[in-house]
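First the structure, in the form of structure tokens, and then the observations on it.
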Amino acid sequence: MKKVKQKSEDVLFEIGTEELPATMLADIYENPVSYGGSEMNWLEARLRAVFEEKRIAFKACRVWAAPRRIVFWLEGAAPLQTPKEDWIRLLPKDDAYSSEGKPTEKLLLILERRNASLGETKLSAYQNKEYVFIRKSEPVRSASQVLPEIFDALLRSLSFSKTMRWDDSGIYFPRPIRSLLCFYGKKSFSCRVGRLAAANKTFFFRRGERISSTVKDILSYFKSLRRGGIILNPAERKEAIRKKLEAAAKRFKGRLYQDPFLLNEVNFLVESPDVLSAPFQEEFLKLPMEVLTVSMARKQRLFGLLDEKGKVLPRFLALLDGAAAEKQKKGISRNYEHVLDAKLQDSLFFYREDCKTPLQKKRAELKGLIFLKGAGSMLEKTERLVHLAGRAGEWLGWPREKREILERACFLSKSDLLTQMVGEFPELQGIMGRYYALENGEKEEAALAVGEQYLPRTAQDRLPQTMTGALLSVLDKTDLIAACFGLGLEPSSSLDPYGLRRSAVGILRILIDRRLDFSLFRLFQENQKALGDCIQKEMSGRMLERLESFFGDRFEALLVDRGFRVDLVQAVLGSGFEHPYRAYERLECLSKITGETYFFQACKVAERTSNILKAARGALSRPPDPSLFVEDLEREVFRSYDRCRQAVLEAKDARDFKRATSLYAEAFFDILGRFFEKVFVNADDQAVRENRLRLLGAVRSLYADVADLTKIDLR
Amino acid sequence: MVTFQDLIAKLSDYWAKKGCAVLQPYDLEVGAGTFHPATFFGVLGKDPWNAAYVQPTRRPTDGRFAENPLRTQSYYQYQVILKPSPDDVQDLYLDSLRSAGLTLRDHDVRFVQDDWESPTLGASGLGWEVWFDSLEITQFTYFQQMAGSALDPISCEITYGLERIAMFLQGKRDLFELEWSKGLSYGSLRKTFEVEHCRYNFEESDGEMLHRLFETYEKEAKRLLEEPGPQLIFPAYEYTLKMSHVFNLLDARGAVSVNERPAYIARVRNLAKRCAQGYLLRQGKG
């Protein structure tokens with residue numbers, strides 16, 4: 001047979017579907033996965049995995065998605081499979097060869113049966129024993145033979161989060177697949193999936209019309225999509241949508257209300273984006289801004305506009321699929337307008353209905369709302385919050401009036417969960433509480449605190465602005481974490497269904513940025529007490545320990561993320577962070593002096609004392625006894641300690657860690673240098689030895705609550 | 001002008017030509033056309049089944065005292081059930097809109113994801129709400145489950161909101177302004193009915209009586225399904241539907257607390273499930 005030299009070809013595969021769920025596609029494109037060491041979207045990762053498995057190499061690949069199609073494109077796919085070699089273990093060497101090194105009958109027989117020669121074998125070790133192996137090659141097939149299998153495998157390997165059946169073919173997909181298009185180079189190739197056979201056709205959908213288009217080759221496919229106004233690449237499409245929205249906003253002297261979630265969603269609701277704009281009735285402007293924007297965004301997928309003062313304009317922007325003529329657009333936007341008016345009417349209805357019962361009165365119903373299974377109701381949760389607020393307020397030395405405002409905010413905090421508005425738009429929790437509290441004549445500061453209790457919602461989200469809101473938010477989150485830890489619902493490496501990590505970071509951010517200086521561990525102890533029987537017995541013992549390591553990891557990551565040196569962060573956290581704010585203060589202060597000589601010297605002091613104390617056993621906590629000193633240098637170190645002790649303590653109290661560090665270095669660097677040169681700490685006399693260790697222990701502990709400087713990388 | 005009654009006739013005509021049996025509404029208060037035995041029992045089992053019918057629906061919590069132009073506590077659905085679901089079902093649906101008189105190219109027609117679920121029927125499916133210039137005019141669902149069991153073959157359910165479609169056909173902004181037939185308005189037929197029911201649902205219903213009814217209906221449904229016992233599936237199903245409606249009334253009255261809700265719904269679902277199981281068992285025997 002004459003061998004034809006084959007060359008690499010591009011591959012195109014289009015899965016034509018009915019409208020795929022937009023949020024699912026957005027999710028895939030917004031959350032890349034890691035594959036083979038790089039980040040890519042999950043569809044591409046699947047594509048690469050299947051091609052790898054089927055041994056077809058390629059130069060590059062892209063995966064695009066739009067509401068009615070998922071498109072895979074590969075550049076330069078090899079014409080043949082990559083050869084694959086395997087070695088199969090045949091016999092132990094002793095069975096295969098005689099002592100003179102001749103092949104045995106047995107070996108020859110096996111080779112004959114396999115139609116193989118001795119030249120194809122090799123000797124190799126397996127589990128500490130020599131064996132004869134034989135080469136086995138997988139047959140190398142052509143790409144056009146393998147591609148149909150690849151597409152079948154690819155399609156079946158796409159395990160989307162939610163799938164369905166639509167016929168009896170046994171295929172699961174998020175929505176029905178209605179067409180397949182497969183090209184290898186210039187030729188379309190046949191391929192079947194379920195009951196569907198590939199055809200060289202693709203489809204466009206315009207205002208309820210299905211238009212079929214015959215595809216000649218890969219190039220003509222992309223051309224005809226472009227002619228149809230379809231932007232296949234999601235990133236490109238999103239940018240086009242953003243530009244159109246911003247241009248439209250400008251026309252109406254407004255700016256776009258930023259809603260990244262909505263933008264990501266509409267990106268997969270259209271493949272040929274066009275924007276229209278229409279007004280809504282001004283009477284609805286009396287609704288809270290959040291209600292307006294959420295009513296527009298969530299159910300209607302509309303964008304709101306803000307004026308230069310940040311107030312909502314009575315106008316919205318909508319995405320159409322496919323450019324519409326002006327006349328059509330007019331009719332369409334009038335209809336959009338009426339629909340939105342009716343929806344806003346409904347929001348107004350909810351608002352008025354909700355205002356009829358004050359939050360205080362609604363609160364009793366919270367008894368019926370479960371907070372966490374095993375940790376009681378939302379009513380009990382608010383009772384705990386009120387109690388904890390009182391305690392934390394005392395620790396912070398807040399005046400009574402301020403404490404009462406906070407307690408009131410805690411008392412009312414969860415009532416809005418029972419309102420119709422929050423039932424309709426759950427993301428308005430807290431925010432509605434604020435508006436309704438104001439409607440009910442509650443104090444403004446209490447209302448604001450209620451409105452800020454869920455902040456920050458994400459790692460980037462803003463923090464509560466009011467101090468009462470900040471503390472309420474902390475209490476709300478510590479209660480969740482305490483309850484989950486108490487019920488054995490700690491997050492695992494991959495799963496954190498209650499968002500405890502996010503909550504912990506939120507707590508730390510608030511404590512340090514809002515300068516709330518109290519002991520987090522004390523709060524957890526108090527919280528644990530308040531949870532009472534909800535805490536499982538086997539969980540209660542080591543709870544603080546587990547919380548400490550849980551918070552330690554988050555705290556370290558947060559601080560490193562803020563640009564602090566990792567060794568310095570570890571040094572400061574290593575000396576304890578029961579008071580997160582104080583730990584932060586120490587870190588901030590120390591981070592400014594790491595270049596100073598005295599900082600280096602203090603580190604050296606820490607290093608020297610620690611090295612020798614590492615091996616020390618016995619009662620280091622007792623102060624050294626001057627009568628046991630033998631050498632002058634011992635007395636000198638002790639005098640130095642005596643002299644600087646008070647000043648260091650005072651500097652620490654004044655939170656002047658710069659001064660504390662320099663005093664410490666000044667007092668001990670030189671003298672300890674000489675001490676270690678001359679004095680042999682581990683003296684034979686036990687009393688002398690222990691006394692020396694106690695002396696060094698005293699020196700170390702003078703700084704131990706500032707930072708564990710042995711963690712500092714001095715190179 | 002396509003009147004409300006014309007719209008019904010056009011849809012019935014269209015689906016009759018596509019091979020559907022055009023049935024009549026079910027004579028009980030139900031929340032959706034899905035509750036009609038033609039759908040609930042129709043989608044169970046292997047036999048092909050194609051039916052279309054109007055179903056008046058009751059959704060007490062959706063009442064707005066006839067003040068919202070698009071939302072009422074009672075309205076008319078047009079329900080089509082196709083088993084098995086044809087491959088071109090989306091196109092069939094779009095054609096039905098054209099045959100009802102809508103000019104699709106002048107509008108923005110979209111299929112927006114909606115994972116449908118009826119907790120009281122233990123039913124779920126995937127599909128869309130169909131948008132017509134951003135108004136939901138149809139619920140389009142590939143049923144995956146009914147009464148808690150996976151369906152095979154898959155049925156497609158198309159549920160039109162008749163009033164909303166008629167509003168586009170007639171260019172009306174308020175459903176009460178629709179023309180039911182020439183010279184007769186929807187409002188004159190339905191407005192007082194709507195307002196009175198809203199008052200009843202939200203303000204006047206007797207919660208205690210409704211609770212009692214719920215218990216009574218449940219007892220009766222159970223008795224009818226008991227084994228040994230009468231094994232009367234259709235009557236038992238009717239009492240289950242009555243429970244569902246009474247629950248909705250209680251809900252509108254605010255007489256079901258948040259944590260009682262799931263328990264009430266589960267009681268209805270359990271009976272619906274038993275009805276479906278009994279039905280399938282009998283089919284198997286027959």
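Going by the structure tokens order, chains are called A, B, ..., each with residues numbered from 1, while ligands are numbered from 1 in the order shown.
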Taking the DSSP assignment computed from this structure's backbone, write out as an mmCIF file with N, CA, C and O atoms, in the first residue's frame all residues of range 22-161 of chain B that belong to strand (DSSP E).
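Wrote selection26.cif, looks like this:
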data_model
loop_
_atom_site.group_PDB
_atom_site.id
_atom_site.type_symbol
_atom_site.label_atom_id
_atom_site.label_comp_id
_atom_site.auth_asym_id
_atom_site.auth_seq_id
_atom_site.Cartn_x
_atom_site.Cartn_y
_atom_site.Cartn_z
ATOM 1 N N VAL B 22 -57.989 17.314 22.901
ATOM 2 C CA VAL B 22 -58.312 18.572 23.567
ATOM 3 C C VAL B 22 -59.303 18.273 24.690
ATOM 4 O O VAL B 22 -60.446 17.908 24.432
ATOM 5 N N TRP B 49 -48.838 9.835 25.065
ATOM 6 C CA TRP B 49 -50.000 10.569 25.554
ATOM 7 C C TRP B 49 -49.839 12.038 25.187
ATOM 8 O O TRP B 49 -48.839 12.662 25.541
ATOM 9 N N ASN B 50 -50.782 12.566 24.424
ATOM 10 C CA ASN B 50 -50.711 13.961 24.006
ATOM 11 C C ASN B 50 -52.042 14.635 24.296
ATOM 12 O O ASN B 50 -53.083 14.204 23.778
ATOM 13 N N ALA B 51 -52.020 15.666 25.092
ATOM 14 C CA ALA B 51 -53.278 16.296 25.479
ATOM 15 C C ALA B 51 -53.099 17.799 25.626
ATOM 16 O O ALA B 51 -51.990 18.283 25.852
ATOM 17 N N ALA B 52 -54.179 18.532 25.454
ATOM 18 C CA ALA B 52 -54.153 19.988 25.607
ATOM 19 C C ALA B 52 -55.457 20.418 26.270
ATOM 20 O O ALA B 52 -56.509 19.841 26.002
ATOM 21 N N TYR B 53 -55.351 21.397 27.164
ATOM 22 C CA TYR B 53 -56.567 21.862 27.840
ATOM 23 C C TYR B 53 -56.323 23.185 28.552
ATOM 24 O O TYR B 53 -55.184 23.535 28.862
ATOM 25 N N VAL B 54 -57.427 23.913 28.785
ATOM 26 C CA VAL B 54 -57.348 25.110 29.627
ATOM 27 C C VAL B 54 -57.442 24.656 31.071
ATOM 28 O O VAL B 54 -58.201 23.724 31.375
ATOM 29 N N GLN B 55 -56.682 25.271 31.950
ATOM 30 C CA GLN B 55 -56.854 24.984 33.374
ATOM 31 C C GLN B 55 -56.900 26.283 34.180
ATOM 32 O O GLN B 55 -55.898 26.993 34.229
ATOM 33 N N PRO B 56 -58.054 26.614 34.747
ATOM 34 C CA PRO B 56 -58.095 27.761 35.667
ATOM 35 C C PRO B 56 -57.248 27.424 36.891
ATOM 36 O O PRO B 56 -57.283 26.285 37.361
ATOM 37 N N THR B 57 -56.479 28.377 37.366
ATOM 38 C CA THR B 57 -55.596 28.079 38.491
ATOM 39 C C THR B 57 -55.841 29.038 39.653
ATOM 40 O O THR B 57 -56.321 30.148 39.471
ATOM 41 N N ARG B 58 -55.463 28.571 40.848
ATOM 42 C CA ARG B 58 -55.611 29.373 42.067
ATOM 43 C C ARG B 58 -54.254 29.490 42.745
ATOM 44 O O ARG B 58 -53.633 28.482 43.052
ATOM 45 N N SER B 74 -55.965 34.226 40.622
ATOM 46 C CA SER B 74 -56.596 33.194 39.817
ATOM 47 C C SER B 74 -56.466 33.587 38.359
ATOM 48 O O SER B 74 -56.700 34.737 38.000
ATOM 49 N N TYR B 75 -56.016 32.672 37.529
ATOM 50 C CA TYR B 75 -55.904 32.983 36.102
ATOM 51 C C TYR B 75 -56.029 31.703 35.300
ATOM 52 O O TYR B 75 -56.231 30.622 35.860
ATOM 53 N N TYR B 76 -55.882 31.862 33.966
ATOM 54 C CA TYR B 76 -56.098 30.704 33.096
ATOM 55 C C TYR B 76 -54.809 30.258 32.441
ATOM 56 O O TYR B 76 -54.124 31.051 31.814
ATOM 57 N N GLN B 77 -54.523 28.993 32.609
ATOM 58 C CA GLN B 77 -53.367 28.438 31.909
ATOM 59 C C GLN B 77 -53.865 27.619 30.728
ATOM 60 O O GLN B 77 -54.943 27.045 30.774
ATOM 61 N N TYR B 78 -53.031 27.567 29.685
ATOM 62 C CA TYR B 78 -53.284 26.584 28.635
ATOM 63 C C TYR B 78 -52.163 25.565 28.718
ATOM 64 O O TYR B 78 -50.989 25.906 28.639
ATOM 65 N N GLN B 79 -52.574 24.341 28.922
ATOM 66 C CA GLN B 79 -51.585 23.304 29.223
ATOM 67 C C GLN B 79 -51.513 22.291 28.093
ATOM 68 O O GLN B 79 -52.534 21.801 27.623
ATOM 69 N N VAL B 80 -50.271 22.015 27.655
ATOM 70 C CA VAL B 80 -50.061 20.985 26.640
ATOM 71 C C VAL B 80 -49.081 19.972 27.214
ATOM 72 O O VAL B 80 -48.065 20.351 27.796
ATOM 73 N N ILE B 81 -49.437 18.697 27.053
ATOM 74 C CA ILE B 81 -48.517 17.684 27.556
ATOM 75 C C ILE B 81 -48.209 16.711 26.415
ATOM 76 O O ILE B 81 -49.110 16.231 25.750
ATOM 77 N N LEU B 82 -46.942 16.522 26.131
ATOM 78 C CA LEU B 82 -46.526 15.708 24.989
ATOM 79 C C LEU B 82 -45.596 14.599 25.460
ATOM 80 O O LEU B 82 -44.513 14.856 25.968
ATOM 81 N N LYS B 83 -46.077 13.379 25.309
ATOM 82 C CA LYS B 83 -45.271 12.225 25.748
ATOM 83 C C LYS B 83 -45.206 11.198 24.646
ATOM 84 O O LYS B 83 -46.250 10.733 24.233
ATOM 85 N N VAL B 109 -37.939 37.186 21.806
ATOM 86 C CA VAL B 109 -38.380 35.896 22.354
ATOM 87 C C VAL B 109 -37.168 35.169 22.925
ATOM 88 O O VAL B 109 -36.180 34.986 22.237
ATOM 89 N N ARG B 110 -37.260 34.775 24.159
ATOM 90 C CA ARG B 110 -36.087 34.155 24.790
ATOM 91 C C ARG B 110 -36.497 32.987 25.683
ATOM 92 O O ARG B 110 -37.567 32.994 26.279
ATOM 93 N N PHE B 111 -35.611 32.039 25.737
ATOM 94 C CA PHE B 111 -35.821 30.903 26.642
ATOM 95 C C PHE B 111 -34.824 31.056 27.793
ATOM 96 O O PHE B 111 -33.627 30.862 27.603
ATOM 97 N N VAL B 112 -35.329 31.399 28.955
ATOM 98 C CA VAL B 112 -34.456 31.701 30.085
ATOM 99 C C VAL B 112 -34.567 30.574 31.118
ATOM 100 O O VAL B 112 -35.668 30.207 31.532
ATOM 101 N N GLN B 113 -33.425 30.050 31.495
ATOM 102 C CA GLN B 113 -33.385 28.862 32.355
ATOM 103 C C GLN B 113 -34.338 28.962 33.542
ATOM 104 O O GLN B 113 -34.457 29.999 34.176
ATOM 105 N N ASP B 114 -35.012 27.874 33.792
ATOM 106 C CA ASP B 114 -35.852 27.815 34.979
ATOM 107 C C ASP B 114 -35.990 26.349 35.351
ATOM 108 O O ASP B 114 -36.537 25.565 34.587
ATOM 109 N N ASP B 115 -35.427 26.005 36.465
ATOM 110 C CA ASP B 115 -35.547 24.621 36.906
ATOM 111 C C ASP B 115 -36.820 24.516 37.719
ATOM 112 O O ASP B 115 -36.892 24.995 38.829
ATOM 113 N N TRP B 116 -37.797 23.879 37.128
ATOM 114 C CA TRP B 116 -39.129 23.874 37.712
ATOM 115 C C TRP B 116 -39.266 22.764 38.751
ATOM 116 O O TRP B 116 -38.678 21.700 38.637
ATOM 117 N N GLU B 117 -40.050 23.063 39.766
ATOM 118 C CA GLU B 117 -40.218 22.081 40.824
ATOM 119 C C GLU B 117 -41.584 22.275 41.467
ATOM 120 O O GLU B 117 -42.010 23.399 41.691
ATOM 121 N N SER B 118 -42.255 21.194 41.728
ATOM 122 C CA SER B 118 -43.482 21.287 42.515
ATOM 123 C C SER B 118 -43.314 20.407 43.740
ATOM 124 O O SER B 118 -43.450 19.192 43.658
ATOM 125 N N ALA B 123 -42.593 16.675 42.005
ATOM 126 C CA ALA B 123 -42.297 16.721 40.572
ATOM 127 C C ALA B 123 -41.195 17.722 40.306
ATOM 128 O O ALA B 123 -41.080 18.725 40.985
ATOM 129 N N SER B 124 -40.380 17.413 39.305
ATOM 130 C CA SER B 124 -39.362 18.374 38.926
ATOM 131 C C SER B 124 -39.019 18.203 37.458
ATOM 132 O O SER B 124 -39.252 17.158 36.869
ATOM 133 N N GLY B 125 -38.498 19.257 36.893
ATOM 134 C CA GLY B 125 -38.113 19.209 35.497
ATOM 135 C C GLY B 125 -37.193 20.349 35.177
ATOM 136 O O GLY B 125 -37.018 21.265 35.978
ATOM 137 N N LEU B 126 -36.561 20.271 33.999
ATOM 138 C CA LEU B 126 -35.672 21.345 33.576
ATOM 139 C C LEU B 126 -36.241 21.980 32.321
ATOM 140 O O LEU B 126 -36.822 21.296 31.483
ATOM 141 N N GLY B 127 -36.059 23.263 32.225
ATOM 142 C CA GLY B 127 -36.574 23.938 31.049
ATOM 143 C C GLY B 127 -36.384 25.424 31.172
ATOM 144 O O GLY B 127 -35.359 25.873 31.674
ATOM 145 N N TRP B 128 -37.386 26.153 30.749
ATOM 146 C CA TRP B 128 -37.246 27.608 30.727
ATOM 147 C C TRP B 128 -38.557 28.285 31.078
ATOM 148 O O TRP B 128 -39.637 27.702 30.988
ATOM 149 N N GLU B 129 -38.442 29.542 31.443
ATOM 150 C CA GLU B 129 -39.581 30.409 31.294
ATOM 151 C C GLU B 129 -39.360 31.112 29.964
ATOM 152 O O GLU B 129 -38.244 31.541 29.654
ATOM 153 N N VAL B 130 -40.394 31.167 29.155
ATOM 154 C CA VAL B 130 -40.240 31.800 27.845
ATOM 155 C C VAL B 130 -40.575 33.274 27.999
ATOM 156 O O VAL B 130 -41.634 33.626 28.530
ATOM 157 N N TRP B 131 -39.657 34.101 27.581
ATOM 158 C CA TRP B 131 -39.847 35.545 27.677
ATOM 159 C C TRP B 131 -40.343 36.112 26.362
ATOM 160 O O TRP B 131 -39.814 35.779 25.299
ATOM 161 N N PHE B 132 -41.304 36.968 26.465
ATOM 162 C CA PHE B 132 -41.779 37.706 25.313
ATOM 163 C C PHE B 132 -41.616 39.164 25.688
ATOM 164 O O PHE B 132 -42.345 39.675 26.544
ATOM 165 N N LEU B 135 -41.483 39.538 29.362
ATOM 166 C CA LEU B 135 -42.586 39.018 30.176
ATOM 167 C C LEU B 135 -42.651 37.497 30.038
ATOM 168 O O LEU B 135 -42.604 36.964 28.926
ATOM 169 N N GLU B 136 -42.744 36.820 31.165
ATOM 170 C CA GLU B 136 -42.849 35.370 31.125
ATOM 171 C C GLU B 136 -44.234 35.007 30.617
ATOM 172 O O GLU B 136 -45.234 35.320 31.259
ATOM 173 N N ILE B 137 -44.294 34.375 29.431
ATOM 174 C CA ILE B 137 -45.611 34.001 28.905
ATOM 175 C C ILE B 137 -45.825 32.497 28.932
ATOM 176 O O ILE B 137 -46.946 32.034 28.751
ATOM 177 N N THR B 138 -44.763 31.747 29.162
ATOM 178 C CA THR B 138 -44.910 30.295 29.132
ATOM 179 C C THR B 138 -43.878 29.647 30.045
ATOM 180 O O THR B 138 -42.773 30.150 30.180
ATOM 181 N N GLN B 139 -44.304 28.551 30.634
ATOM 182 C CA GLN B 139 -43.381 27.709 31.370
ATOM 183 C C GLN B 139 -43.170 26.466 30.520
ATOM 184 O O GLN B 139 -44.138 25.812 30.132
ATOM 185 N N PHE B 140 -41.936 26.189 30.207
ATOM 186 C CA PHE B 140 -41.614 25.105 29.269
ATOM 187 C C PHE B 140 -40.729 24.116 29.998
ATOM 188 O O PHE B 140 -39.632 24.455 30.429
ATOM 189 N N THR B 141 -41.204 22.899 30.180
ATOM 190 C CA THR B 141 -40.487 21.980 31.070
ATOM 191 C C THR B 141 -40.370 20.572 30.506
ATOM 192 O O THR B 141 -41.358 20.011 30.028
ATOM 193 N N TYR B 142 -39.166 20.047 30.558
ATOM 194 C CA TYR B 142 -38.989 18.615 30.318
ATOM 195 C C TYR B 142 -39.088 17.929 31.669
ATOM 196 O O TYR B 142 -38.162 18.021 32.484
ATOM 197 N N PHE B 143 -40.196 17.248 31.875
ATOM 198 C CA PHE B 143 -40.381 16.564 33.158
ATOM 199 C C PHE B 143 -39.327 15.483 33.353
ATOM 200 O O PHE B 143 -39.105 14.668 32.471
ATOM 201 N N GLN B 144 -38.705 15.493 34.499
ATOM 202 C CA GLN B 144 -37.757 14.433 34.822
ATOM 203 C C GLN B 144 -38.319 13.500 35.887
ATOM 204 O O GLN B 144 -37.993 12.331 35.917
ATOM 205 N N GLN B 145 -39.149 14.044 36.737
ATOM 206 C CA GLN B 145 -39.667 13.288 37.883
ATOM 207 C C GLN B 145 -41.121 13.631 38.125
ATOM 208 O O GLN B 145 -41.522 14.783 37.960
ATOM 209 N N MET B 146 -41.897 12.648 38.509
ATOM 210 C CA MET B 146 -43.248 12.937 38.985
ATOM 211 C C MET B 146 -43.509 12.046 40.178
ATOM 212 O O MET B 146 -43.148 10.863 40.152
ATOM 213 N N SER B 149 -40.700 9.745 41.361
ATOM 214 C CA SER B 149 -39.985 8.720 40.602
ATOM 215 C C SER B 149 -39.588 9.249 39.230
ATOM 216 O O SER B 149 -40.277 10.080 38.637
ATOM 217 N N ALA B 150 -38.460 8.744 38.742
ATOM 218 C CA ALA B 150 -37.916 9.203 37.459
ATOM 219 C C ALA B 150 -38.832 8.761 36.326
ATOM 220 O O ALA B 150 -39.380 7.659 36.348
ATOM 221 N N CYS B 156 -42.866 16.476 27.708
ATOM 222 C CA CYS B 156 -42.645 17.910 27.688
ATOM 223 C C CYS B 156 -43.948 18.597 28.056
ATOM 224 O O CYS B 156 -45.010 18.263 27.531
ATOM 225 N N GLU B 157 -43.850 19.520 28.993
ATOM 226 C CA GLU B 157 -45.038 20.257 29.412
ATOM 227 C C GLU B 157 -44.901 21.709 28.974
ATOM 228 O O GLU B 157 -43.887 22.351 29.241
ATOM 229 N N ILE B 158 -45.920 22.191 28.279
ATOM 230 C CA ILE B 158 -45.923 23.595 27.869
ATOM 231 C C ILE B 158 -47.109 24.270 28.549
ATOM 232 O O ILE B 158 -48.245 23.849 28.371
ATOM 233 N N THR B 159 -46.824 25.245 29.373
ATOM 234 C CA THR B 159 -47.897 25.918 30.105
ATOM 235 C C THR B 159 -47.937 27.396 29.724
ATOM 236 O O THR B 159 -47.060 28.160 30.102
ATOM 237 N N TYR B 160 -48.940 27.744 28.936
ATOM 238 C CA TYR B 160 -49.072 29.135 28.491
ATOM 239 C C TYR B 160 -49.823 29.949 29.542
ATOM 240 O O TYR B 160 -50.785 29.467 30.128
ATOM 241 N N GLY B 161 -49.408 31.184 29.733
ATOM 242 C CA GLY B 161 -50.214 32.133 30.508
ATOM 243 C C GLY B 161 -51.131 32.863 29.537
ATOM 244 O O GLY B 161 -50.685 33.748 28.807
#
What does the distance from CA of Arg700 in chain A to CA of Leu568 in chain A come to in Å, to one decimal? 17.5 Å
Return the neighbours of chain A among the residues of chain B, cut-off 7 Å, counting only C-alpha atoms, as a CSV table (one decimal) with N, CA and C atoms, in the first residue's frame.
chain,number,residue,atom,x,y,z
B,68,ASN,N,-52.5,45.0,40.4
B,68,ASN,CA,-51.3,44.7,39.6
B,68,ASN,C,-51.8,44.3,38.2
B,69,PRO,N,-51.2,44.9,37.1
B,69,PRO,CA,-51.7,44.7,35.8
B,69,PRO,C,-51.3,43.3,35.3
B,70,LEU,N,-50.5,42.6,36.0
B,70,LEU,CA,-50.0,41.3,35.5
B,70,LEU,C,-50.2,40.1,36.4
B,85,SER,N,-41.6,13.5,24.5
B,85,SER,CA,-41.3,14.8,24.0
B,85,SER,C,-40.7,14.7,22.6
B,94,LEU,N,-43.1,27.5,19.2
B,94,LEU,CA,-43.0,28.8,18.5
B,94,LEU,C,-44.1,28.9,17.4
B,104,LEU,N,-43.7,37.0,15.8
B,104,LEU,CA,-42.5,36.8,16.6
B,104,LEU,C,-41.3,37.8,16.2
B,105,ARG,N,-41.2,38.1,14.9
B,105,ARG,CA,-40.0,38.8,14.6
B,105,ARG,C,-40.1,40.3,15.1
B,106,ASP,N,-41.2,40.7,15.5
B,106,ASP,CA,-41.3,42.1,16.1
B,106,ASP,C,-41.1,42.1,17.6
B,107,HIS,N,-40.7,40.9,18.1
B,107,HIS,CA,-40.5,40.8,19.6
B,107,HIS,C,-39.2,40.1,20.0
B,108,ASP,N,-38.9,40.2,21.3
B,108,ASP,CA,-37.7,39.6,21.8
B,108,ASP,C,-38.2,38.3,22.5
B,109,VAL,N,-37.9,37.2,21.8
B,109,VAL,CA,-38.4,35.9,22.4
B,109,VAL,C,-37.2,35.2,22.9
B,111,PHE,N,-35.6,32.0,25.7
B,111,PHE,CA,-35.8,30.9,26.6
B,111,PHE,C,-34.8,31.1,27.8
B,113,GLN,N,-33.4,30.0,31.5
B,113,GLN,CA,-33.4,28.9,32.4
B,113,GLN,C,-34.3,29.0,33.5
B,126,LEU,N,-36.6,20.3,34.0
B,126,LEU,CA,-35.7,21.3,33.6
B,126,LEU,C,-36.2,22.0,32.3
B,133,ASP,N,-40.6,39.8,25.1
B,133,ASP,CA,-40.3,41.2,25.5
B,133,ASP,C,-40.2,41.3,27.1
B,134,SER,N,-39.5,40.3,27.6
B,134,SER,CA,-39.2,40.2,29.1
B,134,SER,C,-40.3,39.8,30.0
B,135,LEU,N,-41.5,39.5,29.4
B,135,LEU,CA,-42.6,39.0,30.2
B,135,LEU,C,-42.7,37.5,30.0
B,142,TYR,N,-39.2,20.0,30.6
B,142,TYR,CA,-39.0,18.6,30.3
B,142,TYR,C,-39.1,17.9,31.7
B,153,PRO,N,-40.9,7.3,29.2
B,153,PRO,CA,-40.2,8.4,28.5
B,153,PRO,C,-40.4,9.8,29.2
B,154,ILE,N,-39.6,10.7,28.7
B,154,ILE,CA,-39.7,12.1,29.2
B,154,ILE,C,-40.9,12.8,28.5
B,257,SER,N,-46.5,28.7,60.0
B,257,SER,CA,-45.2,29.2,60.4
B,257,SER,C,-44.1,28.6,59.5
B,258,VAL,N,-43.0,29.4,59.5
B,258,VAL,CA,-42.0,29.0,58.6
B,258,VAL,C,-41.5,27.5,58.7
B,259,ASN,N,-41.4,27.1,60.0
B,259,ASN,CA,-40.9,25.7,60.1
B,259,ASN,C,-42.0,24.7,60.0
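Excluding range 283-289 of chain A itself and same-chain residues fewer than 3 positions from it, the residues having an atom within 8 Å of it are Phe280, Leu292, Thr293, Lys311, Val312, Leu313, Pro314, Leu344, Gln345, Leu348 and Tyr435 of chain A, counting only C-alpha atoms.
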From B:Ala252, B:Leu224, B:Leu241, B:Leu92, residue lying nearest Trp15 in chain B [only C-alpha atoms]: B:Leu92
So which residues touch range 264-274 of chain B within 8 Å, counting only C-alpha atoms, skipping near sequence neighbours fewer than 3 positions away, as a list in words?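 The contact residues come out as Pro119, Thr120, Leu121, Gly122, Ala147, Gly148, Ala221, Lys222, Leu225, Tyr237, Thr240, Met243, Ser244, Phe247, Glu260, Arg261, Gln277 and Gly278 of chain B.
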List the neighbours of Glu194 in chain B out to 10 Å using only C-alpha atoms; skip same-chain residues closer than 2 positions along the sequence, and give me the result as a VMD selection string. chain B and resid 63 to 67 72 to 75 187 189 to 192 196 to 200
My list of candidates is B:Glu204, B:Gly254, B:Leu7, B:Pro48. Which is closest to Ala21 in chain B when distances are computed with only C-alpha atoms? B:Pro48
